[in-house]
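Only one structure is covered here, and it is reproduced in the block below.
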Amino acid sequence: MQEEKITLQTDNGEAVDFYVLEETRINGMNYLMVTDSNEGEDGECYVLKDVSGAEDSEAVYEFVENDDELDYLCRIFEELLEDMDVELRR
């Protein structure tokens with residue numbers, strides 16, 4: 001499996017790399033489960049939502065922060081990742 005990496009810009013312009021663990025589409029929205037570590041160690045996982053519009057040339061992602069939405073998405077990603085050696089904790 002090829003590892004996919006995305007780079008996001010912070011509010012202060014700093015580039016931060018994330019490694020894509022899984023992606024899914026729910027109700028017309030694309031979501032990514034990403035981690036800040038590709039070394040197999042304990043890394044932080046985040047769920048990103050693609051909020052880009054049709055006119056955007058590149059995908060625009062924002063962190064999912066709503067607790068209800070995050071709980072729902074984490075359950076979906078847990079099922080998608082059950083064959084991988086990934087343990088999600090909240």
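Chain identifiers are assigned as A, B, and so on, following the order in which chains appear in the structure tokens; residues are numbered from 1 within each chain, and ligands are numbered from 1 in order of appearance.
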Check your understanding: So which residues of chain A fall under helix (DSSP H, G or I) by DSSP, listed as a PyMOL selection string?
Key -> chain A and resi 67-80
Go ahead and save the residues from that selection, with C-alpha atoms, as a PDB file, in the first residue's frame.
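Generated file (result18.pdb):
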ATOM      1  CA  ASP A  67     -18.061  16.108  19.140  1.00  0.00           C
ATOM      2  CA  ASP A  68     -21.163  14.384  17.727  1.00  0.00           C
ATOM      3  CA  GLU A  69     -19.803  14.426  14.176  1.00  0.00           C
ATOM      4  CA  LEU A  70     -16.386  13.269  15.407  1.00  0.00           C
ATOM      5  CA  ASP A  71     -17.843  10.359  17.416  1.00  0.00           C
ATOM      6  CA  TYR A  72     -19.861   9.217  14.402  1.00  0.00           C
ATOM      7  CA  LEU A  73     -16.882   9.449  12.037  1.00  0.00           C
ATOM      8  CA  CYS A  74     -14.534   7.686  14.471  1.00  0.00           C
ATOM      9  CA  ARG A  75     -16.922   4.705  14.603  1.00  0.00           C
ATOM     10  CA  ILE A  76     -16.940   4.548  10.797  1.00  0.00           C
ATOM     11  CA  PHE A  77     -13.157   4.825  10.558  1.00  0.00           C
ATOM     12  CA  GLU A  78     -12.735   2.129  13.242  1.00  0.00           C
ATOM     13  CA  GLU A  79     -14.711  -0.267  11.022  1.00  0.00           C
ATOM     14  CA  LEU A  80     -12.736   0.737   7.928  1.00  0.00           C
TER      15      LEU A  80
END
Review point. Using only C-alpha atoms, which residues sit within 6 Å of range 17-26 of chain A once same-chain residues fewer than 3 positions away are excluded, as a count of residues only?
Key: 12
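Counting only C-alpha atoms, the residue from A:Asn66, A:Leu81, A:Asn12, A:Gly28 that sits nearest to Asp50 in chain A is A:Gly28.
A straight line drawn from CA of Asn38 in chain A to CA of Phe63 in chain A is 19.2 Å long.
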Exercise for review: Can you pull out every residue within 7 Å of Val51 in chain A, counting only C-alpha atoms, but drop anything in the same chain fewer than 4 positions away, and send it as a list in words?
Suggested key: Val60, Tyr61 and Glu62 of chain A
Using N, CA and C atoms, can you write the selected residues to a file as a short mmCIF file (atom, residue, chain, number, x, y, z; two decimals), in the first residue's frame?
data_model
loop_
_atom_site.label_atom_id
_atom_site.label_comp_id
_atom_site.auth_asym_id
_atom_site.auth_seq_id
_atom_site.Cartn_x
_atom_site.Cartn_y
_atom_site.Cartn_z
N VAL A 60 -9.42 21.70 0.10
CA VAL A 60 -9.31 22.52 1.30
C VAL A 60 -9.89 21.69 2.45
N TYR A 61 -9.07 21.43 3.47
CA TYR A 61 -9.49 20.59 4.59
C TYR A 61 -9.58 21.40 5.86
N GLU A 62 -10.53 21.02 6.71
CA GLU A 62 -10.58 21.59 8.06
C GLU A 62 -10.75 20.44 9.04
#
Exercise for review: Any chance you could list, as a ChimeraX atom specification, the residues in chain A that come up strand (DSSP E) when DSSP is run on the backbone?
Suggested key: /A:4-9,15-26,29-35,45-50,61-63
Dump C-alpha atoms for the selected residues as a PDB file, in the first residue's frame?
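Output (again-v8.pdb):
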ATOM      1  CA  GLU A   4      -0.259   9.164   0.988  1.00  0.00           C
ATOM      2  CA  LYS A   5       0.952  12.350   2.615  1.00  0.00           C
ATOM      3  CA  ILE A   6      -0.796  15.696   2.634  1.00  0.00           C
ATOM      4  CA  THR A   7       0.589  19.034   3.771  1.00  0.00           C
ATOM      5  CA  LEU A   8      -1.612  21.608   5.476  1.00  0.00           C
ATOM      6  CA  GLN A   9      -0.812  25.236   6.203  1.00  0.00           C
ATOM      7  CA  ALA A  15       3.550  23.638   6.728  1.00  0.00           C
ATOM      8  CA  VAL A  16       2.515  20.493   8.644  1.00  0.00           C
ATOM      9  CA  ASP A  17       2.613  16.990   7.128  1.00  0.00           C
ATOM     10  CA  PHE A  18      -0.066  14.376   7.829  1.00  0.00           C
ATOM     11  CA  TYR A  19      -0.207  10.770   6.666  1.00  0.00           C
ATOM     12  CA  VAL A  20      -3.532   9.454   5.375  1.00  0.00           C
ATOM     13  CA  LEU A  21      -4.718   6.276   7.119  1.00  0.00           C
ATOM     14  CA  GLU A  22      -8.121   6.038   5.443  1.00  0.00           C
ATOM     15  CA  GLU A  23     -10.641   8.092   3.517  1.00  0.00           C
ATOM     16  CA  THR A  24     -14.386   7.839   3.087  1.00  0.00           C
ATOM     17  CA  ARG A  25     -17.317   9.735   1.607  1.00  0.00           C
ATOM     18  CA  ILE A  26     -20.471  10.234   3.693  1.00  0.00           C
ATOM     19  CA  MET A  29     -18.653  14.957   1.976  1.00  0.00           C
ATOM     20  CA  ASN A  30     -15.119  13.553   1.793  1.00  0.00           C
ATOM     21  CA  TYR A  31     -13.361  12.771   5.079  1.00  0.00           C
ATOM     22  CA  LEU A  32      -9.786  11.728   5.842  1.00  0.00           C
ATOM     23  CA  MET A  33      -8.400   9.988   8.920  1.00  0.00           C
ATOM     24  CA  VAL A  34      -4.821  11.232   9.205  1.00  0.00           C
ATOM     25  CA  THR A  35      -1.945  10.868  11.634  1.00  0.00           C
ATOM     26  CA  CYS A  45      -5.036  10.940  14.724  1.00  0.00           C
ATOM     27  CA  TYR A  46      -7.282  13.605  13.296  1.00  0.00           C
ATOM     28  CA  VAL A  47     -10.376  13.622  11.102  1.00  0.00           C
ATOM     29  CA  LEU A  48     -10.376  16.166   8.296  1.00  0.00           C
ATOM     30  CA  LYS A  49     -13.344  17.282   6.193  1.00  0.00           C
ATOM     31  CA  ASP A  50     -12.928  18.429   2.589  1.00  0.00           C
ATOM     32  CA  TYR A  61      -9.493  20.590   4.588  1.00  0.00           C
ATOM     33  CA  GLU A  62     -10.581  21.587   8.057  1.00  0.00           C
ATOM     34  CA  PHE A  63     -10.388  19.625  11.298  1.00  0.00           C
TER      35      PHE A  63
END
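Between CA of Glu65 in chain A and CA of Glu44 in chain A there is a distance of 14.5 Å.
If you look at CA of Ser37 in chain A and CA of Asp11 in chain A, they are 21.0 Å away from each other.
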